[in-house]
>>> print(open('upload.txt').read())   # compact mmCIF, N, CA and C atoms
# COMPACT_ATOMS: atom_id res chain seq x y z
N MET B 1 72.99 54.27 101.26
CA MET B 1 72.87 55.69 101.47
C MET B 1 71.39 56.05 101.48
N SER B 2 70.97 56.72 102.53
CA SER B 2 69.56 57.09 102.64
C SER B 2 69.29 58.37 101.86
N ARG B 3 68.10 58.45 101.34
CA ARG B 3 67.68 59.62 100.57
C ARG B 3 66.83 60.51 101.45
N LEU B 4 67.05 61.81 101.35
CA LEU B 4 66.23 62.77 102.08
C LEU B 4 64.95 63.04 101.31
N PRO B 5 63.89 63.33 102.04
CA PRO B 5 62.67 63.75 101.34
C PRO B 5 62.93 65.05 100.57
N PRO B 6 62.25 65.26 99.45
CA PRO B 6 62.52 66.46 98.62
C PRO B 6 62.39 67.78 99.37
N GLU B 7 61.40 67.91 100.25
CA GLU B 7 61.25 69.19 100.97
C GLU B 7 62.39 69.43 101.95
N GLN B 8 62.88 68.37 102.59
CA GLN B 8 64.01 68.53 103.51
C GLN B 8 65.29 68.83 102.72
N LEU B 9 65.46 68.21 101.59
CA LEU B 9 66.62 68.46 100.74
C LEU B 9 66.63 69.91 100.26
N GLN B 10 65.48 70.40 99.83
CA GLN B 10 65.37 71.79 99.38
C GLN B 10 65.69 72.76 100.51
N ARG B 11 65.14 72.50 101.71
CA ARG B 11 65.39 73.37 102.86
C ARG B 11 66.87 73.37 103.23
N SER B 12 67.50 72.20 103.22
CA SER B 12 68.92 72.11 103.56
C SER B 12 69.79 72.83 102.53
N GLN B 13 69.45 72.69 101.26
CA GLN B 13 70.21 73.37 100.22
C GLN B 13 70.09 74.88 100.35
N THR B 14 68.90 75.36 100.67
CA THR B 14 68.70 76.80 100.86
C THR B 14 69.52 77.31 102.03
N ARG B 15 69.53 76.57 103.12
CA ARG B 15 70.32 76.97 104.29
C ARG B 15 71.82 76.96 103.98
N LEU B 16 72.26 75.96 103.24
CA LEU B 16 73.68 75.90 102.88
C LEU B 16 74.07 77.08 102.01
N ILE B 17 73.23 77.44 101.06
CA ILE B 17 73.52 78.59 100.19
C ILE B 17 73.58 79.87 101.00
N ARG B 18 72.64 80.06 101.93
CA ARG B 18 72.66 81.25 102.79
C ARG B 18 73.91 81.29 103.66
N PHE B 19 74.32 80.14 104.18
CA PHE B 19 75.52 80.07 105.01
C PHE B 19 76.76 80.46 104.21
N VAL B 20 76.89 79.93 103.00
CA VAL B 20 78.04 80.24 102.16
C VAL B 20 78.05 81.72 101.76
N LEU B 21 76.89 82.25 101.43
CA LEU B 21 76.81 83.67 101.05
C LEU B 21 77.16 84.58 102.23
N SER B 22 76.69 84.25 103.41
CA SER B 22 77.02 85.09 104.57
C SER B 22 78.51 85.01 104.89
N GLY B 23 79.12 83.85 104.74
CA GLY B 23 80.56 83.73 104.96
C GLY B 23 81.36 84.51 103.93
N THR B 24 80.92 84.48 102.69
CA THR B 24 81.59 85.23 101.63
C THR B 24 81.48 86.73 101.87
N ALA B 25 80.30 87.19 102.26
CA ALA B 25 80.12 88.61 102.55
C ALA B 25 80.96 89.04 103.74
N ASN B 26 81.02 88.22 104.77
CA ASN B 26 81.84 88.53 105.93
C ASN B 26 83.31 88.61 105.56
N ASN B 27 83.78 87.69 104.76
CA ASN B 27 85.18 87.68 104.33
C ASN B 27 85.50 88.93 103.52
N ALA B 28 84.59 89.34 102.65
CA ALA B 28 84.82 90.54 101.84
C ALA B 28 84.88 91.79 102.72
N LEU B 29 84.02 91.87 103.72
CA LEU B 29 84.03 93.03 104.62
C LEU B 29 85.31 93.09 105.45
N VAL B 30 85.73 91.95 105.95
CA VAL B 30 86.96 91.93 106.77
C VAL B 30 88.17 92.33 105.93
N GLN B 31 88.25 91.84 104.71
CA GLN B 31 89.39 92.18 103.86
C GLN B 31 89.34 93.64 103.42
N ALA B 32 88.16 94.24 103.37
CA ALA B 32 88.06 95.64 102.98
C ALA B 32 88.32 96.57 104.15
N ILE B 33 87.89 96.19 105.34
CA ILE B 33 87.99 97.06 106.50
C ILE B 33 89.29 96.86 107.27
N GLY B 34 89.86 95.67 107.21
CA GLY B 34 91.08 95.37 107.95
C GLY B 34 92.22 96.34 107.68
N PRO B 35 92.56 96.61 106.42
CA PRO B 35 93.64 97.56 106.16
C PRO B 35 93.34 98.97 106.66
N LEU B 36 92.08 99.38 106.57
CA LEU B 36 91.73 100.71 107.08
C LEU B 36 91.91 100.80 108.59
N PHE B 37 91.53 99.73 109.27
CA PHE B 37 91.72 99.67 110.71
C PHE B 37 93.20 99.72 111.07
N LEU B 38 94.02 98.98 110.34
CA LEU B 38 95.46 98.99 110.61
C LEU B 38 96.06 100.37 110.33
N LEU B 39 95.63 101.02 109.26
CA LEU B 39 96.13 102.36 108.97
C LEU B 39 95.74 103.34 110.08
N ASN B 40 94.55 103.18 110.61
CA ASN B 40 94.12 104.04 111.70
C ASN B 40 94.97 103.83 112.95
N LEU B 41 95.49 102.63 113.11
CA LEU B 41 96.37 102.33 114.25
C LEU B 41 97.82 102.74 113.99
N GLY B 42 98.10 103.25 112.80
CA GLY B 42 99.45 103.69 112.47
C GLY B 42 100.33 102.62 111.85
N ALA B 43 99.72 101.69 111.15
CA ALA B 43 100.48 100.61 110.52
C ALA B 43 101.33 101.14 109.38
N ALA B 44 102.46 100.51 109.19
CA ALA B 44 103.35 100.83 108.08
C ALA B 44 102.91 100.04 106.85
N PRO B 45 103.37 100.44 105.67
CA PRO B 45 103.02 99.68 104.46
C PRO B 45 103.40 98.20 104.53
N ILE B 46 104.45 97.90 105.27
CA ILE B 46 104.87 96.49 105.39
C ILE B 46 103.81 95.67 106.10
N HIS B 47 103.13 96.27 107.07
CA HIS B 47 102.08 95.56 107.78
C HIS B 47 100.89 95.26 106.86
N LEU B 48 100.57 96.21 106.01
CA LEU B 48 99.49 95.99 105.04
C LEU B 48 99.89 94.91 104.04
N GLY B 49 101.15 94.89 103.68
CA GLY B 49 101.64 93.85 102.78
C GLY B 49 101.56 92.47 103.39
N ILE B 50 101.91 92.38 104.67
CA ILE B 50 101.81 91.10 105.37
C ILE B 50 100.35 90.65 105.45
N LEU B 51 99.45 91.58 105.73
CA LEU B 51 98.03 91.25 105.79
C LEU B 51 97.53 90.73 104.44
N ALA B 52 97.90 91.39 103.37
CA ALA B 52 97.47 90.97 102.03
C ALA B 52 98.08 89.61 101.66
N THR B 53 99.33 89.40 102.06
CA THR B 53 99.99 88.13 101.77
C THR B 53 99.30 86.99 102.50
N PHE B 54 98.99 87.18 103.77
CA PHE B 54 98.32 86.13 104.53
C PHE B 54 96.93 85.85 103.99
N ALA B 55 96.25 86.86 103.50
CA ALA B 55 94.92 86.64 102.91
C ALA B 55 95.02 85.73 101.69
N GLN B 56 96.09 85.88 100.90
CA GLN B 56 96.26 85.02 99.74
C GLN B 56 96.80 83.65 100.12
N LEU B 57 97.65 83.59 101.14
CA LEU B 57 98.17 82.30 101.59
C LEU B 57 97.06 81.42 102.15
N ASP B 58 96.02 82.04 102.69
CA ASP B 58 94.88 81.30 103.20
C ASP B 58 94.24 80.48 102.08
N LYS B 59 94.13 81.06 100.93
CA LYS B 59 93.52 80.36 99.79
C LYS B 59 94.41 79.20 99.32
N VAL B 60 95.71 79.40 99.34
CA VAL B 60 96.63 78.33 98.94
C VAL B 60 96.63 77.21 99.98
N ALA B 61 96.52 77.57 101.25
CA ALA B 61 96.49 76.57 102.31
C ALA B 61 95.25 75.68 102.18
N ARG B 62 94.15 76.24 101.71
CA ARG B 62 92.94 75.43 101.51
C ARG B 62 93.19 74.34 100.47
N LEU B 63 93.91 74.68 99.42
CA LEU B 63 94.24 73.67 98.41
C LEU B 63 95.13 72.58 98.99
N GLY B 64 96.07 72.99 99.83
CA GLY B 64 96.92 72.00 100.50
C GLY B 64 96.11 71.10 101.41
N GLY B 65 95.11 71.65 102.08
CA GLY B 65 94.24 70.85 102.94
C GLY B 65 93.45 69.83 102.16
N VAL B 66 92.96 70.23 101.01
CA VAL B 66 92.22 69.29 100.15
C VAL B 66 93.14 68.16 99.71
N GLU B 67 94.37 68.49 99.39
CA GLU B 67 95.34 67.46 98.97
C GLU B 67 95.63 66.50 100.12
N LEU B 68 95.78 67.03 101.33
CA LEU B 68 96.05 66.16 102.48
C LEU B 68 94.86 65.26 102.79
N LEU B 69 93.64 65.78 102.63
CA LEU B 69 92.47 64.94 102.87
C LEU B 69 92.41 63.80 101.87
N GLY B 70 92.89 64.03 100.66
CA GLY B 70 92.91 62.98 99.65
C GLY B 70 93.92 61.89 99.96
N ARG B 71 94.83 62.15 100.87
CA ARG B 71 95.86 61.17 101.23
C ARG B 71 95.52 60.43 102.52
N ASP B 72 94.28 60.39 102.87
CA ASP B 72 93.79 59.69 104.06
C ASP B 72 94.39 60.21 105.36
N VAL B 73 94.64 61.51 105.43
CA VAL B 73 95.11 62.10 106.67
C VAL B 73 93.97 62.17 107.67
N GLY B 74 92.79 62.49 107.21
CA GLY B 74 91.62 62.57 108.07
C GLY B 74 91.33 63.99 108.50
N LYS B 75 90.06 64.28 108.61
CA LYS B 75 89.65 65.64 108.97
C LYS B 75 90.08 66.01 110.38
N THR B 76 89.95 65.08 111.30
CA THR B 76 90.27 65.38 112.69
C THR B 76 91.76 65.71 112.85
N ARG B 77 92.61 64.91 112.29
CA ARG B 77 94.05 65.15 112.40
C ARG B 77 94.44 66.45 111.69
N LEU B 78 93.86 66.71 110.53
CA LEU B 78 94.16 67.94 109.80
C LEU B 78 93.71 69.17 110.59
N MET B 79 92.52 69.12 111.19
CA MET B 79 92.03 70.24 111.99
C MET B 79 92.90 70.43 113.23
N PHE B 80 93.32 69.34 113.87
CA PHE B 80 94.16 69.45 115.07
C PHE B 80 95.47 70.16 114.75
N TRP B 81 96.17 69.70 113.73
CA TRP B 81 97.46 70.31 113.40
C TRP B 81 97.30 71.73 112.87
N GLY B 82 96.22 71.98 112.13
CA GLY B 82 95.96 73.34 111.66
C GLY B 82 95.73 74.30 112.82
N ARG B 83 94.93 73.88 113.79
CA ARG B 83 94.69 74.73 114.97
C ARG B 83 95.95 74.91 115.80
N LEU B 84 96.74 73.85 115.93
CA LEU B 84 97.98 73.96 116.70
C LEU B 84 98.93 74.96 116.05
N LEU B 85 99.06 74.90 114.75
CA LEU B 85 99.92 75.85 114.05
C LEU B 85 99.38 77.27 114.16
N ALA B 86 98.06 77.42 114.12
CA ALA B 86 97.46 78.75 114.27
C ALA B 86 97.72 79.30 115.67
N ILE B 87 97.65 78.46 116.68
CA ILE B 87 97.92 78.90 118.05
C ILE B 87 99.39 79.33 118.19
N LEU B 88 100.29 78.56 117.61
CA LEU B 88 101.71 78.92 117.68
C LEU B 88 101.98 80.23 116.95
N ALA B 89 101.36 80.42 115.79
CA ALA B 89 101.54 81.68 115.05
C ALA B 89 100.98 82.86 115.84
N THR B 90 99.86 82.65 116.50
CA THR B 90 99.26 83.72 117.30
C THR B 90 100.12 84.04 118.52
N ALA B 91 100.69 83.02 119.12
CA ALA B 91 101.55 83.24 120.28
C ALA B 91 102.83 83.99 119.88
N TRP B 92 103.28 83.79 118.65
CA TRP B 92 104.51 84.43 118.18
C TRP B 92 104.25 85.85 117.68
N GLU B 93 102.98 86.21 117.50
CA GLU B 93 102.59 87.48 116.91
C GLU B 93 103.16 88.72 117.60
N PRO B 94 103.26 88.78 118.94
CA PRO B 94 103.82 90.00 119.55
C PRO B 94 105.24 90.33 119.11
N TYR B 95 105.97 89.33 118.65
CA TYR B 95 107.35 89.55 118.21
C TYR B 95 107.45 89.91 116.73
N TRP B 96 106.34 89.81 116.00
CA TRP B 96 106.35 90.08 114.57
C TRP B 96 106.73 91.50 114.24
N ASP B 97 106.23 92.44 115.00
CA ASP B 97 106.42 93.84 114.65
C ASP B 97 107.89 94.17 114.44
N GLU B 98 108.72 93.79 115.38
CA GLU B 98 110.14 94.13 115.29
C GLU B 98 110.90 93.16 114.38
N ARG B 99 110.78 91.88 114.66
CA ARG B 99 111.60 90.89 113.96
C ARG B 99 111.18 90.68 112.51
N VAL B 100 109.91 90.46 112.29
CA VAL B 100 109.46 90.19 110.92
C VAL B 100 109.63 91.42 110.04
N SER B 101 109.30 92.59 110.56
CA SER B 101 109.46 93.81 109.78
C SER B 101 110.92 94.02 109.39
N ARG B 102 111.83 93.73 110.32
CA ARG B 102 113.24 93.90 110.04
C ARG B 102 113.71 92.91 108.97
N VAL B 103 113.28 91.66 109.07
CA VAL B 103 113.69 90.63 108.09
C VAL B 103 113.12 90.95 106.71
N ILE B 104 111.84 91.29 106.66
CA ILE B 104 111.22 91.57 105.37
C ILE B 104 111.82 92.83 104.74
N THR B 105 112.05 93.82 105.56
CA THR B 105 112.64 95.05 105.05
C THR B 105 114.04 94.79 104.51
N SER B 106 114.83 94.00 105.23
CA SER B 106 116.19 93.72 104.75
C SER B 106 116.19 92.85 103.50
N CYS B 107 115.22 91.97 103.36
CA CYS B 107 115.18 91.09 102.18
C CYS B 107 114.71 91.81 100.92
N PHE B 108 113.70 92.65 101.07
CA PHE B 108 113.06 93.22 99.88
C PHE B 108 113.40 94.68 99.59
N PHE B 109 113.88 95.40 100.58
CA PHE B 109 114.06 96.82 100.38
C PHE B 109 115.51 97.29 100.51
N THR B 110 116.45 96.37 100.42
CA THR B 110 117.86 96.81 100.46
C THR B 110 118.58 96.42 99.20
>>> encode(input="upload.txt", output="structure tokens")
Amino acid sequence: MSRLPPEQLQRSQTRLIRFVLSGTANNALVQAIGPLFLLNLGAAPIHLGILATFAQLDKVARLGGVELLGRDVGKTRLMFWGRLLAILATAWEPYWDERVSRVITSCFFT
């Protein structure tokens, strides 16, 4: 394993910290503004609940990804299947309003 010179290591660490901080700030802004945007579009409380649930499921999915990487699945294969599932979920999204709202409402509010 090659060692980086101290000045390059320091510069890389600083850039990594800035990258992580900017991602964290972006995530906080999206989670704060997203519900307001949905309310402005006339979203029902169930839509806000789905948004909040998916935000938390994202964190749980990261733990699952770490577990899969530990089982020699590989980053490339994990990214491929993750993107494929995201594309399928996005393609199914136009049907969520009617079908998902009806299922969730019947399960939790009857």
>>> atom_distance(input="upload.txt", atom1="atom N of B:Lys75", atom2="atom CA of B:Ala61")
15.2 Å
>>> residues_near_point(input="upload.txt", point="(98.1, 78.5, 109.1)", cutoff="12 Å", atoms="only C-alpha atoms", output="PyMOL selection string")
chain B and resi 54-62+64-65+78-90
>>> axis_aligned_box(input="upload.txt", around="stretch 12-31 of chain B", padding_each_side="8 Å", output="AutoDock Vina command-line options")
--center_x 78.4 --center_y 82.9 --center_z 103.5 --size_x 37.9 --size_y 37.5 --size_z 22.6
>>> atom_distance(input="upload.txt", atom1="atom C of B:Leu69", atom2="atom N of B:Thr53")
26.5 Å
>>> atom_distance(input="upload.txt", atom1="atom CA of B:Ala28", atom2="atom CA of B:Leu48")
16.0 Å
>>> residues_around(input="upload.txt", residues="stretch 29-43 of chain B", least_positions_apart="5", cutoff="10 Å", atoms="only C-alpha atoms", output="VMD selection string")
chain B and resid 23 to 24 48 to 49 51 to 52 55 97
>>> write_last_selection(input="upload.txt", atoms="N, CA and C atoms", output="PDB file, in the frame of the given file")
ATOM      1  N   GLY B  23      79.120  83.850 104.740  1.00  0.00           N
ATOM      2  CA  GLY B  23      80.560  83.730 104.960  1.00  0.00           C
ATOM      3  C   GLY B  23      81.360  84.510 103.930  1.00  0.00           C
ATOM      4  N   THR B  24      80.920  84.480 102.690  1.00  0.00           N
ATOM      5  CA  THR B  24      81.590  85.230 101.630  1.00  0.00           C
ATOM      6  C   THR B  24      81.480  86.730 101.870  1.00  0.00           C
ATOM      7  N   LEU B  48     100.570  96.210 106.010  1.00  0.00           N
ATOM      8  CA  LEU B  48      99.490  95.990 105.040  1.00  0.00           C
ATOM      9  C   LEU B  48      99.890  94.910 104.040  1.00  0.00           C
ATOM     10  N   GLY B  49     101.150  94.890 103.680  1.00  0.00           N
ATOM     11  CA  GLY B  49     101.640  93.850 102.780  1.00  0.00           C
ATOM     12  C   GLY B  49     101.560  92.470 103.390  1.00  0.00           C
ATOM     13  N   LEU B  51      99.450  91.580 105.730  1.00  0.00           N
ATOM     14  CA  LEU B  51      98.030  91.250 105.790  1.00  0.00           C
ATOM     15  C   LEU B  51      97.530  90.730 104.440  1.00  0.00           C
ATOM     16  N   ALA B  52      97.900  91.390 103.370  1.00  0.00           N
ATOM     17  CA  ALA B  52      97.470  90.970 102.030  1.00  0.00           C
ATOM     18  C   ALA B  52      98.080  89.610 101.660  1.00  0.00           C
ATOM     19  N   ALA B  55      96.250  86.860 103.500  1.00  0.00           N
ATOM     20  CA  ALA B  55      94.920  86.640 102.910  1.00  0.00           C
ATOM     21  C   ALA B  55      95.020  85.730 101.690  1.00  0.00           C
ATOM     22  N   ASP B  97     106.230  92.440 115.000  1.00  0.00           N
ATOM     23  CA  ASP B  97     106.420  93.840 114.650  1.00  0.00           C
ATOM     24  C   ASP B  97     107.890  94.170 114.440  1.00  0.00           C
TER      25      ASP B  97
END
